[in-house]
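Below is target-v5.cif, which holds mmCIF, C-alpha atoms.
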```cif
data_start
#
loop_
_atom_site.label_atom_id
_atom_site.label_comp_id
_atom_site.auth_asym_id
_atom_site.auth_seq_id
_atom_site.Cartn_x
_atom_site.Cartn_y
_atom_site.Cartn_z
CA MET L 129 0.00 0.00 0.00
CA LYS L 130 1.45 3.35 -1.09
CA LEU L 131 0.62 6.23 1.22
CA THR L 132 0.97 9.93 0.54
CA LYS L 133 0.01 13.17 2.23
CA LEU L 134 -2.40 15.65 0.68
CA PHE L 135 -2.80 19.17 1.99
CA GLY L 136 -4.95 22.19 1.36
CA LEU L 137 -8.72 22.44 1.58
CA HIS L 138 -9.36 21.84 -2.14
CA SER L 139 -7.29 18.65 -2.31
CA VAL L 140 -8.66 17.35 0.98
CA GLN L 141 -12.26 17.98 -0.04
CA ALA L 142 -11.63 16.23 -3.37
CA ALA L 143 -10.36 13.19 -1.48
CA LEU L 144 -13.41 13.30 0.78
CA ASP L 145 -15.73 13.53 -2.23
CA TYR L 146 -14.11 10.95 -4.51
CA SER L 147 -12.08 8.52 -2.44
CA PRO L 148 -13.06 8.75 1.25
CA LYS L 149 -12.17 5.09 1.87
CA ASN L 150 -8.55 5.85 0.98
CA ILE L 151 -8.10 8.36 3.80
CA GLN L 152 -6.05 6.90 6.64
CA GLN L 153 -5.51 9.78 9.07
CA ALA L 154 -5.63 13.56 9.34
CA TRP L 155 -4.04 16.51 11.11
CA VAL L 156 -5.61 19.95 11.63
CA ASP L 157 -4.35 23.30 12.89
CA THR L 158 -5.50 24.00 16.44
CA GLY L 159 -5.27 27.74 15.83
CA ARG L 160 -7.40 27.94 12.69
CA GLN L 161 -11.16 27.99 12.38
CA ASP L 162 -13.17 28.71 9.26
CA LYS L 163 -16.23 27.34 7.52
CA ARG L 164 -14.47 25.15 4.94
CA LEU L 165 -12.07 23.66 7.46
CA THR L 166 -14.95 22.91 9.84
CA LYS L 167 -16.81 21.12 7.03
CA ALA L 168 -13.75 19.02 6.19
CA ILE L 169 -13.35 18.06 9.85
CA ASP L 170 -17.04 17.14 10.11
CA ASP L 171 -16.73 14.98 6.97
CA LEU L 172 -13.70 13.23 8.45
CA LEU L 173 -15.56 12.59 11.69
CA ASP L 174 -18.45 11.12 9.70
CA LEU L 175 -15.94 8.64 8.28
CA GLY L 176 -14.82 7.69 11.76
CA ILE L 177 -11.50 9.55 11.42
CA GLN L 178 -10.60 11.74 14.38
CA PRO L 179 -8.20 14.43 13.14
CA GLU L 180 -5.17 15.01 15.34
CA LYS L 181 -4.97 18.62 16.48
CA VAL L 182 -1.45 20.00 16.05
CA ASP L 183 0.24 23.39 15.84
CA ARG L 184 1.08 25.15 12.60
CA LYS L 185 4.77 24.19 12.72
CA ARG L 186 3.87 20.49 12.78
CA LEU L 187 1.54 20.96 9.81
CA ASP L 188 4.27 22.86 7.96
CA ARG L 189 6.57 19.85 8.37
CA LEU L 190 3.88 17.38 7.32
CA ALA L 191 3.19 19.45 4.18
CA ASP L 192 6.87 20.04 3.40
CA SER L 193 6.35 23.77 3.99
CA ASN L 194 3.63 23.99 1.33
CA ASN L 195 0.43 25.97 1.85
CA HIS L 196 -1.75 23.50 3.78
CA GLN L 197 -4.58 25.87 4.85
CA GLY L 198 -4.71 24.19 8.23
CA ILE L 199 -5.23 20.56 7.20
CA VAL L 200 -3.16 17.59 6.06
CA ILE L 201 -4.42 14.06 5.39
CA GLU L 202 -2.69 10.79 4.64
CA VAL L 203 -4.28 8.74 1.88
CA GLU L 204 -3.69 5.49 0.07
CA MET L 205 -2.60 6.41 -3.44
CA PRO L 206 -4.42 4.97 -6.44
CA GLY L 207 -2.30 2.66 -8.57
CA GLU L 208 -1.80 2.24 -12.28
CA LEU L 209 -3.73 -0.52 -14.04
CA SER L 210 -2.19 -3.09 -16.38
CA GLU L 211 -2.40 -3.81 -20.12
CA SER L 212 -4.73 -6.71 -19.43
CA ASP L 213 -6.98 -4.33 -17.48
CA LEU L 214 -7.01 -2.03 -20.51
CA LYS L 215 -7.99 -4.85 -22.83
CA SER L 216 -10.83 -5.89 -20.53
CA ALA L 217 -12.06 -2.31 -20.30
CA VAL L 218 -12.04 -1.77 -24.08
CA GLU L 219 -13.70 -5.09 -24.84
CA SER L 220 -16.49 -4.46 -22.31
CA LEU L 221 -17.15 -0.85 -23.32
CA ASN L 222 -20.72 -0.30 -24.54
CA GLU L 223 -20.42 3.32 -25.61
CA THR L 224 -18.28 5.26 -28.07
CA ALA L 225 -14.72 4.99 -26.79
CA LEU L 226 -12.62 8.03 -25.94
CA PHE L 227 -9.14 7.39 -24.56
CA LEU L 228 -6.24 9.72 -23.89
CA VAL L 229 -2.73 8.44 -24.62
CA LEU L 230 0.34 10.20 -23.20
CA ASP L 231 3.60 9.34 -24.96
CA ASN L 232 6.48 9.53 -22.45
CA VAL L 233 5.06 12.46 -20.47
CA GLN L 234 7.46 13.01 -17.58
CA ASP L 235 6.14 16.01 -15.64
CA PRO L 236 3.75 14.94 -12.85
CA HIS L 237 2.08 18.37 -12.98
CA ASN L 238 1.20 17.75 -16.61
CA LEU L 239 -0.13 14.26 -15.89
CA GLY L 240 -2.24 15.58 -13.02
CA ALA L 241 -3.67 18.36 -15.18
CA CYS L 242 -4.39 15.90 -18.00
CA LEU L 243 -6.27 13.67 -15.56
CA ARG L 244 -8.47 16.61 -14.55
CA SER L 245 -9.32 17.29 -18.19
CA ALA L 246 -9.89 13.57 -18.77
CA ASP L 247 -12.34 13.44 -15.88
CA ALA L 248 -14.15 16.58 -17.05
CA THR L 249 -14.60 15.19 -20.57
CA GLY L 250 -15.67 11.66 -19.62
CA VAL L 251 -12.56 9.95 -20.99
CA HIS L 252 -12.74 6.19 -20.46
CA GLY L 253 -9.09 5.89 -19.50
CA VAL L 254 -5.63 7.43 -19.76
CA ILE L 255 -2.85 5.29 -21.21
CA ILE L 256 0.72 6.06 -20.14
CA THR L 257 4.08 4.47 -20.89
CA LYS L 258 5.95 2.45 -18.30
CA ASP L 259 9.44 3.73 -19.17
CA ASN L 260 10.65 7.33 -19.39
CA ALA L 261 7.40 8.67 -18.01
CA THR L 262 5.83 9.64 -14.72
CA GLY L 263 3.32 7.36 -13.05
CA ILE L 264 0.88 8.27 -10.31
CA THR L 265 2.80 10.22 -7.67
CA PRO L 266 1.79 12.42 -4.72
CA THR L 267 2.22 15.48 -6.96
CA VAL L 268 -0.01 13.93 -9.63
CA CYS L 269 -2.70 13.21 -7.04
CA LYS L 270 -2.61 16.76 -5.69
CA VAL L 271 -2.72 18.44 -9.11
CA ALA L 272 -5.44 16.06 -10.29
CA SER L 273 -7.67 17.12 -7.37
CA GLY L 274 -9.56 13.84 -7.21
CA ALA L 275 -9.28 12.83 -10.87
CA ALA L 276 -6.50 10.33 -10.11
CA GLU L 277 -9.18 8.36 -8.26
CA THR L 278 -11.92 8.71 -10.87
CA VAL L 279 -10.04 8.16 -14.15
CA PRO L 280 -8.45 4.74 -14.82
CA VAL L 281 -4.75 5.05 -15.67
CA TYR L 282 -3.32 2.16 -17.71
CA GLN L 283 0.44 1.67 -17.85
CA VAL L 284 1.76 -0.13 -20.93
CA THR L 285 5.21 -1.42 -21.88
CA ASN L 286 5.05 -1.05 -25.66
CA LEU L 287 2.94 1.89 -26.75
CA ALA L 288 3.13 1.20 -30.49
CA ARG L 289 1.86 -2.34 -29.91
CA THR L 290 -0.96 -1.03 -27.72
CA LEU L 291 -2.01 1.46 -30.38
CA ARG L 292 -2.07 -1.30 -32.99
CA TRP L 293 -4.29 -3.37 -30.70
CA LEU L 294 -6.64 -0.43 -30.16
CA LYS L 295 -6.96 -0.03 -33.93
CA ASP L 296 -7.80 -3.72 -34.21
CA GLN L 297 -10.65 -3.05 -31.76
CA GLY L 298 -12.08 -0.37 -34.04
CA LEU L 299 -10.60 2.78 -32.49
CA TRP L 300 -9.15 5.58 -34.60
CA ILE L 301 -5.83 7.00 -33.42
CA ALA L 302 -5.40 10.78 -33.63
CA GLY L 303 -2.00 12.21 -32.77
CA ALA L 304 -1.39 15.84 -31.83
CA ASP L 305 1.24 17.38 -34.10
CA GLY L 306 1.85 21.08 -34.58
CA GLU L 307 3.44 20.54 -37.99
CA THR L 308 0.38 19.13 -39.77
CA THR L 309 -2.12 21.21 -41.74
CA GLN L 310 -5.18 19.23 -40.59
CA THR L 311 -6.70 20.95 -37.57
CA LEU L 312 -8.86 19.58 -34.80
CA TYR L 313 -11.76 21.60 -36.24
CA THR L 314 -11.64 19.67 -39.53
CA THR L 315 -11.29 16.30 -37.79
CA ASP L 316 -14.17 13.97 -36.93
CA PHE L 317 -13.89 12.97 -33.27
CA THR L 318 -17.28 11.27 -33.08
CA ALA L 319 -15.93 7.80 -33.93
CA PRO L 320 -14.31 5.54 -31.29
CA MET L 321 -11.07 7.41 -30.68
CA ALA L 322 -7.76 7.53 -28.85
CA ILE L 323 -6.11 10.95 -28.78
CA VAL L 324 -2.31 10.80 -28.45
CA ILE L 325 -0.24 13.60 -26.92
CA GLY L 326 3.56 13.68 -27.10
CA ALA L 327 6.11 14.48 -24.42
CA GLU L 328 7.14 17.92 -23.21
CA GLY L 329 9.16 19.69 -25.89
CA LYS L 330 9.58 16.51 -27.96
CA GLY L 331 6.18 15.66 -29.30
CA LEU L 332 5.26 12.21 -30.56
CA ARG L 333 7.98 9.62 -31.02
CA ARG L 334 8.46 8.28 -34.54
CA LEU L 335 7.04 4.82 -33.80
CA THR L 336 4.06 6.36 -32.06
CA LYS L 337 3.40 8.74 -34.94
CA GLU L 338 3.53 5.86 -37.42
CA GLN L 339 0.60 4.19 -35.63
CA CYS L 340 -1.62 7.27 -35.88
CA ASP L 341 -4.44 7.22 -38.42
CA MET L 342 -4.37 11.01 -38.53
CA LEU L 343 -2.30 13.89 -37.19
CA VAL L 344 -4.10 17.04 -36.04
CA SER L 345 -3.00 20.48 -34.95
CA ILE L 346 -4.44 23.33 -32.92
CA PRO L 347 -4.47 26.61 -34.91
CA MET L 348 -2.12 29.12 -33.29
CA LEU L 349 -3.03 32.70 -34.22
CA GLY L 350 -0.52 34.52 -32.02
CA ARG L 351 3.25 34.53 -31.75
CA VAL L 352 3.51 31.56 -29.39
CA GLU L 353 4.27 28.44 -31.40
CA SER L 354 2.74 25.82 -29.11
CA LEU L 355 0.67 25.21 -26.00
CA ASN L 356 1.63 23.39 -22.83
CA LEU L 357 0.75 19.74 -23.40
CA SER L 358 -1.88 19.66 -20.66
CA VAL L 359 -3.57 22.75 -22.14
CA ALA L 360 -3.46 21.19 -25.62
CA THR L 361 -4.96 18.02 -24.16
CA GLY L 362 -7.89 19.96 -22.74
CA VAL L 363 -8.52 21.75 -26.05
CA LEU L 364 -8.54 18.49 -28.01
CA LEU L 365 -10.69 16.58 -25.54
CA PHE L 366 -13.31 19.30 -25.28
CA GLU L 367 -13.53 19.56 -29.07
CA ALA L 368 -14.26 15.82 -29.09
CA VAL L 369 -16.96 16.35 -26.48
CA ARG L 370 -18.46 19.28 -28.43
CA GLN L 371 -18.74 17.19 -31.59
CA ARG L 372 -20.22 14.22 -29.75
CA LEU L 373 -22.84 16.35 -28.02
CA LEU L 374 -23.92 17.80 -31.37
CA VAL L 375 -24.31 14.30 -32.81
CA ALA L 376 -26.30 13.18 -29.77
CA LYS L 377 -28.91 15.93 -30.19
#
```
Show the structure stored in the file as structure tokens.
Amino acid sequence: MKLTKLFGLHSVQAALDYSPKNIQQAWVDTGRQDKRLTKAIDDLLDLGIQPEKVDRKRLDRLADSNNHQGIVIEVEMPGELSESDLKSAVESLNETALFLVLDNVQDPHNLGACLRSADATGVHGVIITKDNATGITPTVCKVASGAAETVPVYQVTNLARTLRWLKDQGLWIAGADGETTQTLYTTDFTAPMAIVIGAEGKGLRRLTKEQCDMLVSIPMLGRVESLNLSVATGVLLFEAVRQRLLVAK
């Protein structure tokens, strides 16, 4: 069992809302009282967890001097799922598939932000690489604000092989590439789809790109050449949602 500490009212409330069974213990500031903190304490008490009352210096140490807003909790971290779990999930899916694939993404802040977008857009799972990439870490859990518990994360050894298998199951593979002339607005995202995002500053690897059925770009009208990968992920996923909602009407 992997344990980590979460701090701050937003992260703590997300854990209470989405994964209360994973909370192991809690610490609160004896000198702080406000409405949101009182609610979090009441929710913890409802779970049978009696927060330990400590001074601010102790909380500072528990939170590694980060802004804890008077509360720190220890939770069991969610784990990555396997390739066999992915295959079972795809084969049992009874709605139009939408998966997010991250090709060697190494920054836990980016993974956490991508998980939030994946949760918001109803993505059926996020596929990450086992090597040269971040997995689920305490930083990922904090940035994800509950989405690490709600979105399945599948870790695969050979991404190109996984993409080939997804295509065999009827999914289209769309890779994000700033060099292509086809934009997301001229791309049909209503079919079963896996959207692939490349690593920070590197983009898609050659073998990954070769497995894509299409490459799409986000039009950039200003002087900045590219978006942060987690921002680009959100733009692409919400375009897919927009198109699917229009079809559903």
| Can you list what the PyMOL selection byres ((chain L and resi 301) around 6) grabs from this structure, as JSON, numbers by chain? | {"L": [300, 302, 321, 322, 340, 341]}
| task | Enumerate, as a PyMOL selection string, the residues matched when the PyMOL selection byres ((chain L and resi 343-359) around 6) is run on the file above. | result | chain L and resi 238+241-242+302-306+310-312+342+360-362
| request: Determine the residue set returned by the PyMOL selection byres ((chain L and resi 130) around 8) for the present structure, and present it as a PyMOL selection string. | output: chain L and resi 129+131-132+204-205
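Comparing the minimum interatomic distances between Glu328 in chain L and each of L:Lys258, L:Lys270, L:Lys167, L:His237, counting only C-alpha atoms, we find that L:His237 sits nearest.
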| query | Do you have the CA of Pro206 in chain L-CA of Gly329 in chain L distance handy? | reply | 27.9 Å
| said: For Thr249 in chain L, find every residue with an atom within 10 Å (counting all atoms listed in the file), except residues of its own chain fewer than 2 positions away, and show them as an MDAnalysis selection string. | reply: chainID L and resid 226 243:247 251:252 362 365:370
Taking 4 positions as the minimum chain separation for residues in the same chain, which residues sit within 6 Å of Gly240 in chain L when counting only C-alpha atoms? Answer as a PDB file with C-alpha atoms, in the coordinates of the input.
```
ATOM      1  CA  VAL L 268      -0.010  13.930  -9.630  1.00  0.00           C
ATOM      2  CA  VAL L 271      -2.720  18.440  -9.110  1.00  0.00           C
ATOM      3  CA  ALA L 272      -5.440  16.060 -10.290  1.00  0.00           C
TER       4      ALA L 272
END
```
| task | Using all atoms listed in the file, pick whichever of L:Asp296, L:Glu208, L:Glu307, L:Glu202 has the shortest atom-to-atom distance to Thr265 in chain L. | result |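 Answer, going by the shortest atom-to-atom distance: L:Glu208.
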| Using only C-alpha atoms, which of L:Val281, L:Val363, L:Val375, L:Ala142 sits nearest Asp316 in chain L? |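 Ranking L:Val281, L:Val363, L:Val375, L:Ala142 by distance to Asp316 in chain L, first place goes to L:Val375.
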| query | For Arg333 in chain L, which of L:Thr224, L:Gly136, L:Asn232, L:Leu144 is the closest residue, counting all atoms listed in the file? | reply |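 Looking only at the distances to Arg333 in chain L, the closest residue turns out to be L:Asn232.
Using all atoms listed in the file, the shortest contact distance between Asp170 in chain L and any of L:Ala154, L:Leu287, L:Leu187, L:Ile255 is found at L:Ala154.
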| Counting all atoms listed in the file, which of L:Thr267, L:Thr336, L:Ser212, L:Gln371 gets nearest to Ala191 in chain L? | L:Thr267
| task | Enter the distance from CA of Glu211 in chain L to CA of Asn286 in chain L, in Å, rounded to one decimal. | result |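 Taking CA of Glu211 in chain L and CA of Asn286 in chain L, their separation equals 9.7 Å.
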| query | Around (-6.5, 21.7, 12.6) in the file's frame, which residues reach within 10 Å when counting all atoms listed in the file? Return as a list in words? | reply | Ala154, Trp155, Val156, Asp157, Thr158, Gly159, Arg160, Gln161, Leu165, Thr166, Ile169, Pro179, Glu180, Lys181, Val182, Asp183, Arg184, Leu187, Gln197, Gly198, Ile199 and Val200 of chain L
Selection to disk with C-alpha atoms, as an mmCIF file, in the frame of the given file:
```cif
data_model
loop_
_atom_site.group_PDB
_atom_site.id
_atom_site.type_symbol
_atom_site.label_atom_id
_atom_site.label_comp_id
_atom_site.auth_asym_id
_atom_site.auth_seq_id
_atom_site.Cartn_x
_atom_site.Cartn_y
_atom_site.Cartn_z
ATOM 1 C CA ALA L 154 -5.630 13.560 9.340
ATOM 2 C CA TRP L 155 -4.040 16.510 11.110
ATOM 3 C CA VAL L 156 -5.610 19.950 11.630
ATOM 4 C CA ASP L 157 -4.350 23.300 12.890
ATOM 5 C CA THR L 158 -5.500 24.000 16.440
ATOM 6 C CA GLY L 159 -5.270 27.740 15.830
ATOM 7 C CA ARG L 160 -7.400 27.940 12.690
ATOM 8 C CA GLN L 161 -11.160 27.990 12.380
ATOM 9 C CA LEU L 165 -12.070 23.660 7.460
ATOM 10 C CA THR L 166 -14.950 22.910 9.840
ATOM 11 C CA ILE L 169 -13.350 18.060 9.850
ATOM 12 C CA PRO L 179 -8.200 14.430 13.140
ATOM 13 C CA GLU L 180 -5.170 15.010 15.340
ATOM 14 C CA LYS L 181 -4.970 18.620 16.480
ATOM 15 C CA VAL L 182 -1.450 20.000 16.050
ATOM 16 C CA ASP L 183 0.240 23.390 15.840
ATOM 17 C CA ARG L 184 1.080 25.150 12.600
ATOM 18 C CA LEU L 187 1.540 20.960 9.810
ATOM 19 C CA GLN L 197 -4.580 25.870 4.850
ATOM 20 C CA GLY L 198 -4.710 24.190 8.230
ATOM 21 C CA ILE L 199 -5.230 20.560 7.200
ATOM 22 C CA VAL L 200 -3.160 17.590 6.060
#
```
For Ile256 in chain L: contacts at 9 Å, all atoms listed in the file, fewer than 2 positions along chain excluded, given as a PDB file with C-alpha atoms, in the frame of the given file:
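Result went into result-v7.pdb, see below:
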```
ATOM      1  CA  LEU L 228      -6.240   9.720 -23.890  1.00  0.00           C
ATOM      2  CA  VAL L 229      -2.730   8.440 -24.620  1.00  0.00           C
ATOM      3  CA  LEU L 230       0.340  10.200 -23.200  1.00  0.00           C
ATOM      4  CA  ASP L 231       3.600   9.340 -24.960  1.00  0.00           C
ATOM      5  CA  ASN L 232       6.480   9.530 -22.450  1.00  0.00           C
ATOM      6  CA  VAL L 233       5.060  12.460 -20.470  1.00  0.00           C
ATOM      7  CA  VAL L 254      -5.630   7.430 -19.760  1.00  0.00           C
ATOM      8  CA  LYS L 258       5.950   2.450 -18.300  1.00  0.00           C
ATOM      9  CA  ALA L 261       7.400   8.670 -18.010  1.00  0.00           C
ATOM     10  CA  THR L 262       5.830   9.640 -14.720  1.00  0.00           C
ATOM     11  CA  GLY L 263       3.320   7.360 -13.050  1.00  0.00           C
ATOM     12  CA  VAL L 281      -4.750   5.050 -15.670  1.00  0.00           C
ATOM     13  CA  TYR L 282      -3.320   2.160 -17.710  1.00  0.00           C
ATOM     14  CA  GLN L 283       0.440   1.670 -17.850  1.00  0.00           C
ATOM     15  CA  VAL L 284       1.760  -0.130 -20.930  1.00  0.00           C
ATOM     16  CA  THR L 285       5.210  -1.420 -21.880  1.00  0.00           C
ATOM     17  CA  LEU L 287       2.940   1.890 -26.750  1.00  0.00           C
TER      18      LEU L 287
END
```
| field | Between CA of Ala319 in chain L and CA of Gly250 in chain L - distance in Å to one decimal | value |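 Interatomic distance here is 14.8 Å.
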